[in-house]
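Just below is one structure, and these are the notes that go with it.
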Amino acid sequence: MGTSRLSKWVLGLITAATLAFLYIPMLVVARLSINKANSVAWPPRGWTLDWWREAWRSDGPREALLNSVKVALAATLIALVLGTLGAFAMQRFHFFGRNAVSFLMVLPIALPGIVTGIALQNTFSRRIDVGLFDFSVGFGFHSLVVAHATFCVVVAYNNVIARLRRSSPNLLEASADLGAHGTQTFRLVTFPLVRSALVAGGILAFALSFDEIVVTTFTAGAGFQTLPQWILANFSRPRFIPIVNVLATFVMIVSIPLAWVAQRLSDGGSS
Amino acid sequence: MFKVVLRTVLIAGGVTALCFAIALPTSFFIAKIAPRWMRRGLIVSILLPLWAGYLVKGYAWRAMLSPAGNSFAAAGSGSGGFLVSVFGWTPGYGRTGVILALTYLWLPYMVLPIYAGLERLPASLLDAAGDLGARPLRTFRSVIMPLLLPSIAAGSIFTFSLSLGDYIVPQLVTDGKQRVMFGTFINSTLGAPNQPLAAAYTLWPLLIIIAYLVAMKRLGAFESI
């Protein structure tokens with residue numbers, strides 16, 4: 001098409017402006033986290049690492065950070081196991097209700113967080129009678145892990161099944177022809193095939209859980225606080241502005257490179 | 001309540017329109033004009049902010065929007081946030097701020113389907129239109145737009161529904177105004193003694209989303225996700 005030189009330049013400039021729009025707010029917060037003044041006023045005054053030190057020293061944020069990491073790791077682990085098993089089942093077998101199961105697998109990521117949150121809160125707080133005995137799940141670390149795992153499973157599942165679809169089934173047959181039994185084929189062929197997809201899915205699941213706030217507010221209970229919850233509880237207190245800036249910057253510094261690595265890994269498998 | 005519903009729909013519609021206005025030229029540039037080696041990098045840099053943390057990005061906009069002399073955000077000093085000191089203007093903490101912050105949050109969801117749609121569009125079609133004497137604008141209107149419509153509809157489902165149901169970022173960028181969107185309103189009634197009333201309110205977003213999805217399905221949105 002005869003796109004003129006001028007319109008190419010204009011479109012290029014718009015794209016540059018879009019990227020600026022996407023990245024400037026994050027850079028602003030990062031800069032404010034090393035701001036001497038205790039405010040979000042622009043331009044900032046001077047440089048200091050005091051807030052970073054203070055954020056690390058104060059108990060609230062540090063504990064919240066550790067809680068978030070623990071929950072995200074546990075949820076990721078569950079998600080990887082369940083997501084991978086689900087992906088293998090979907091890829092290899094055709095069974096009654098297969099479409100419904102695959103729909104149910106991805107549903108949690110499409111549902112609004114508040115729906116999942118309220119549903120899980122109801123379930124966890126209820127006494128569940130299983131005949132011989134009854135129990136209730138209650139709230140705390142474990143309930144949060146279960147809640148986060150529901151939507152983390154989706155990313156693990158999606159990554160693994162995409163990889164399986166792209167890889168040739170001949171490989172498995174070739175391995176069997178060469179005399180490998182089931183576990184050998186898994187160890188030497190299947191697992192190396194999906195390894196980078198697992199890492200990518202794991203990273204994305206971790207990032208998803210680390211940053212989740214809606215489901216978290218409904219399923220954490222009173223005694224347990226994650227990093228996003230701490231930020232939400234304190235963002236409007238003037239005294240905590242610098243600490244919130246630091247934590248926000250920290251989350252970006254951790255999650256953006258991780259997402260980038262995940263992106264590279266899930267691309268890499270296609271060649 | 002009706003006013004809140006109307007305002008929410010207008011905000012979600014505004015976010016969708018703004019996302020579309022930004023995403024269309026951007027993804028056109030990335031898919032059709034940028035050199036091939038840049039494409040991957042450009043599209044990844046549009047998508048990466050999605051992972052930066054929802055709350056963090058909402059908070060970033062709270063800092064950006066802070067008006068001069070605001071008691072909280074610029075505590076102690078007379079000057080305001082980034083927008084007011086660099087551009088000399090800020091919409092402050094209100095619905096325009098909500099629209100800006102939500103556009104920021106959901107923009108990648110609009111860029112991705114439009115970009116994918118443009119990638120699928122064969123270059124030969126555009127050449128053919130040019131050969132038949134169509135000017136770029138005409139090609140755009142008669143060839144690109146009709147083929148791109150399902151992708152746009154798909155993107156708008158994300159931007160519209162995610163905006164419609166959001167209730168945390170609106171709290172952040174309005175300094176806790178409870179009636180700015182129905183999500184915030186319903187959330188503020190959750191703790192109240194009248195929970196069934198809160199549940200009844202949720203019928204509104206449900207009906208609106210169903211109507212929206214049906215409309216978008218007609219445009220073929222579900223075939224292009």
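Chain labels run A, B, ... following the order of the structure tokens; each chain numbers its residues from 1, and ligands are numbered from 1 in the order shown.
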At a cut-off of 7 Å, which residues of chain A touch chain B? Count only C-alpha atoms and give the answer as a ChimeraX atom specification. /A:1-3,8,11-12,14-15,19,22,25-26,29,39-42,207,211,228,238,248,251-252,255-256,259-260
May I have all residues of segment 33-165 of chain A that DSSP, computed from the backbone, assigns to strand (DSSP E or B), given as a ChimeraX atom specification? /A:35,47,128-129,134-135
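Taking atom CA of Ala156 of chain A and atom CA of Leu65 of chain A as endpoints, the distance between them is 23.3 Å.
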Between atom CA of Ala12 of chain B and atom CA of Ser163 of chain B, distance in Å (one decimal):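 Atom CA of Ser163 of chain B lies at a distance of 5.2 Å from atom CA of Ala12 of chain B.
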Return as a PDB file with C-alpha atoms, in the first residue's frame the full set of residues in segment 120-189 of chain B whose backbone-based DSSP assignment is helix (DSSP H, G or I).
ATOM      1  CA  ARG B 120      -3.046 -12.032   9.345  1.00  0.00           C
ATOM      2  CA  ALA B 123      -0.170  -7.575   2.072  1.00  0.00           C
ATOM      3  CA  SER B 124      -1.445  -8.548  -1.373  1.00  0.00           C
ATOM      4  CA  LEU B 125      -4.908  -7.280  -0.439  1.00  0.00           C
ATOM      5  CA  LEU B 126      -3.510  -3.858   0.347  1.00  0.00           C
ATOM      6  CA  ASP B 127      -1.490  -3.886  -2.864  1.00  0.00           C
ATOM      7  CA  ALA B 128      -4.554  -4.888  -4.847  1.00  0.00           C
ATOM      8  CA  ALA B 129      -6.526  -2.016  -3.345  1.00  0.00           C
ATOM      9  CA  GLY B 130      -3.696   0.342  -4.282  1.00  0.00           C
ATOM     10  CA  ASP B 131      -3.553  -1.056  -7.812  1.00  0.00           C
ATOM     11  CA  PRO B 136      -4.649   4.886   1.667  1.00  0.00           C
ATOM     12  CA  LEU B 137      -7.658   6.280   3.513  1.00  0.00           C
ATOM     13  CA  ARG B 138     -10.049   4.482   1.214  1.00  0.00           C
ATOM     14  CA  THR B 139      -8.074   1.228   1.531  1.00  0.00           C
ATOM     15  CA  PHE B 140      -8.249   1.632   5.251  1.00  0.00           C
ATOM     16  CA  ARG B 141     -11.985   2.211   5.300  1.00  0.00           C
ATOM     17  CA  SER B 142     -13.050  -0.387   2.741  1.00  0.00           C
ATOM     18  CA  VAL B 143     -10.446  -3.143   3.133  1.00  0.00           C
ATOM     19  CA  ILE B 144      -8.716  -2.992   6.489  1.00  0.00           C
ATOM     20  CA  MET B 145     -11.558  -1.969   8.771  1.00  0.00           C
ATOM     21  CA  PRO B 146     -14.095  -4.646   7.745  1.00  0.00           C
ATOM     22  CA  LEU B 147     -11.466  -7.365   8.138  1.00  0.00           C
ATOM     23  CA  LEU B 148     -10.237  -5.939  11.411  1.00  0.00           C
ATOM     24  CA  LEU B 149     -13.646  -5.523  13.015  1.00  0.00           C
ATOM     25  CA  PRO B 150     -13.688  -8.930  14.778  1.00  0.00           C
ATOM     26  CA  SER B 151     -10.263  -8.236  16.289  1.00  0.00           C
ATOM     27  CA  ILE B 152     -11.365  -4.829  17.516  1.00  0.00           C
ATOM     28  CA  ALA B 153     -14.506  -6.353  19.000  1.00  0.00           C
ATOM     29  CA  ALA B 154     -12.378  -9.002  20.733  1.00  0.00           C
ATOM     30  CA  GLY B 155     -10.082  -6.378  22.205  1.00  0.00           C
ATOM     31  CA  SER B 156     -12.998  -4.256  23.308  1.00  0.00           C
ATOM     32  CA  ILE B 157     -14.445  -7.177  25.279  1.00  0.00           C
ATOM     33  CA  PHE B 158     -11.332  -7.126  27.442  1.00  0.00           C
ATOM     34  CA  THR B 159     -11.125  -3.367  27.877  1.00  0.00           C
ATOM     35  CA  PHE B 160     -14.857  -2.921  28.424  1.00  0.00           C
ATOM     36  CA  SER B 161     -15.492  -5.775  30.811  1.00  0.00           C
ATOM     37  CA  LEU B 162     -12.299  -5.313  32.798  1.00  0.00           C
ATOM     38  CA  SER B 163     -13.095  -1.623  33.240  1.00  0.00           C
ATOM     39  CA  LEU B 164     -16.737  -2.233  34.033  1.00  0.00           C
ATOM     40  CA  GLY B 165     -15.988  -4.532  36.938  1.00  0.00           C
ATOM     41  CA  VAL B 169      -7.992   1.215  40.913  1.00  0.00           C
ATOM     42  CA  PRO B 170     -11.014   3.581  40.920  1.00  0.00           C
ATOM     43  CA  GLN B 171     -10.596   3.777  44.695  1.00  0.00           C
ATOM     44  CA  LEU B 172      -6.910   4.528  44.331  1.00  0.00           C
ATOM     45  CA  VAL B 173      -7.244   7.333  41.818  1.00  0.00           C
ATOM     46  CA  PHE B 182     -20.673   0.522  40.596  1.00  0.00           C
ATOM     47  CA  GLY B 183     -17.843  -1.799  41.526  1.00  0.00           C
ATOM     48  CA  THR B 184     -16.681   0.605  44.217  1.00  0.00           C
ATOM     49  CA  PHE B 185     -20.285   1.199  45.226  1.00  0.00           C
ATOM     50  CA  ILE B 186     -21.091  -2.496  45.571  1.00  0.00           C
ATOM     51  CA  ASN B 187     -17.831  -3.037  47.413  1.00  0.00           C
ATOM     52  CA  SER B 188     -18.717  -0.295  49.890  1.00  0.00           C
ATOM     53  CA  THR B 189     -22.085  -1.941  50.587  1.00  0.00           C
TER      54      THR B 189
END
Closest of A:Ser33, A:Arg45, A:Ala55, A:Ala74 to Phe210 of chain A - atom-to-atom distances counting only C-alpha atoms: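 Among A:Ser33, A:Arg45, A:Ala55, A:Ala74, it is A:Ala74 that comes nearest to Phe210 of chain A.
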Using atom CA of Ile118 of chain A and atom CA of Lys177 of chain B as the two end points, give the distance in Å to one decimal. 22.8 Å
Contacts of segment 61-91 of chain A with segment 194-201 of chain A up to 10 Å, shortest pair per row, only C-alpha atoms, as JSON lines:
{"residue": "A:Thr76", "atom": "CA", "partner": "A:Gly201", "partner_atom": "CA", "distance": 8.7}
{"residue": "A:Ala79", "atom": "CA", "partner": "A:Gly201", "partner_atom": "CA", "distance": 9.0}
{"residue": "A:Leu80", "atom": "CA", "partner": "A:Leu198", "partner_atom": "CA", "distance": 7.1}
{"residue": "A:Val81", "atom": "CA", "partner": "A:Leu198", "partner_atom": "CA", "distance": 9.7}
{"residue": "A:Gly83", "atom": "CA", "partner": "A:Gly201", "partner_atom": "CA", "distance": 9.2}
{"residue": "A:Thr84", "atom": "CA", "partner": "A:Leu198", "partner_atom": "CA", "distance": 8.0}
Write the residues you've just listed into a file as an mmCIF file, in the first residue's frame, and include C-alpha atoms for each of them.
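result-v4.cif, freshly written:
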data_model
loop_
_atom_site.group_PDB
_atom_site.id
_atom_site.type_symbol
_atom_site.label_atom_id
_atom_site.label_comp_id
_atom_site.auth_asym_id
_atom_site.auth_seq_id
_atom_site.Cartn_x
_atom_site.Cartn_y
_atom_site.Cartn_z
ATOM 1 C CA THR A 76 3.051 -22.153 41.575
ATOM 2 C CA ALA A 79 -0.265 -25.167 39.556
ATOM 3 C CA LEU A 80 2.669 -26.755 37.750
ATOM 4 C CA VAL A 81 1.794 -30.250 38.899
ATOM 5 C CA GLY A 83 -1.549 -27.916 35.041
ATOM 6 C CA THR A 84 0.969 -30.308 33.516
#
Best match for closeness to Leu193 of chain A among A:Val160, A:Arg237, A:Phe218, A:Ala176, counting only C-alpha atoms: A:Val160
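Remark: for Thr202 of chain B, the closest of the candidate residues A:Ile114, A:Ala262, A:Trp47, A:Val214 is A:Ile114 (distances computed over only C-alpha atoms).
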So that I can see what lies close to Ile213 of chain A, please list as JSON, numbers by chain the residues with an atom at most 7 Å from it, counting only C-alpha atoms and leaving out residues fewer than 3 positions away in the same chain. {"A": [216, 217, 228, 229]}
Store the residues of this selection in a file with N, CA and C atoms, as a compact mmCIF listing (two decimals), in the first residue's frame.
# COMPACT_ATOMS: atom_id res chain seq x y z
N THR A 216 -7.39 -12.36 46.96
CA THR A 216 -6.64 -12.36 48.22
C THR A 216 -7.41 -11.71 49.36
N THR A 217 -8.06 -10.59 49.09
CA THR A 217 -8.76 -9.91 50.18
C THR A 217 -9.88 -10.77 50.75
N PRO A 228 0.64 -6.98 48.21
CA PRO A 228 -0.40 -6.11 47.67
C PRO A 228 -1.40 -5.64 48.73
N GLN A 229 -1.72 -6.53 49.67
CA GLN A 229 -2.65 -6.13 50.73
C GLN A 229 -2.04 -5.04 51.58
Find, counting only C-alpha atoms, the residue in A:Leu171, A:Val145, A:Gln184, A:Met105 that gets nearest to Tyr157 of chain A. A:Met105
Which is closest to Ile99 of chain B among B:Phe87, B:Arg36, B:Leu118, B:Thr8, if we use only C-alpha atoms?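 The shortest atom-to-atom distance to Ile99 of chain B comes from B:Thr8.
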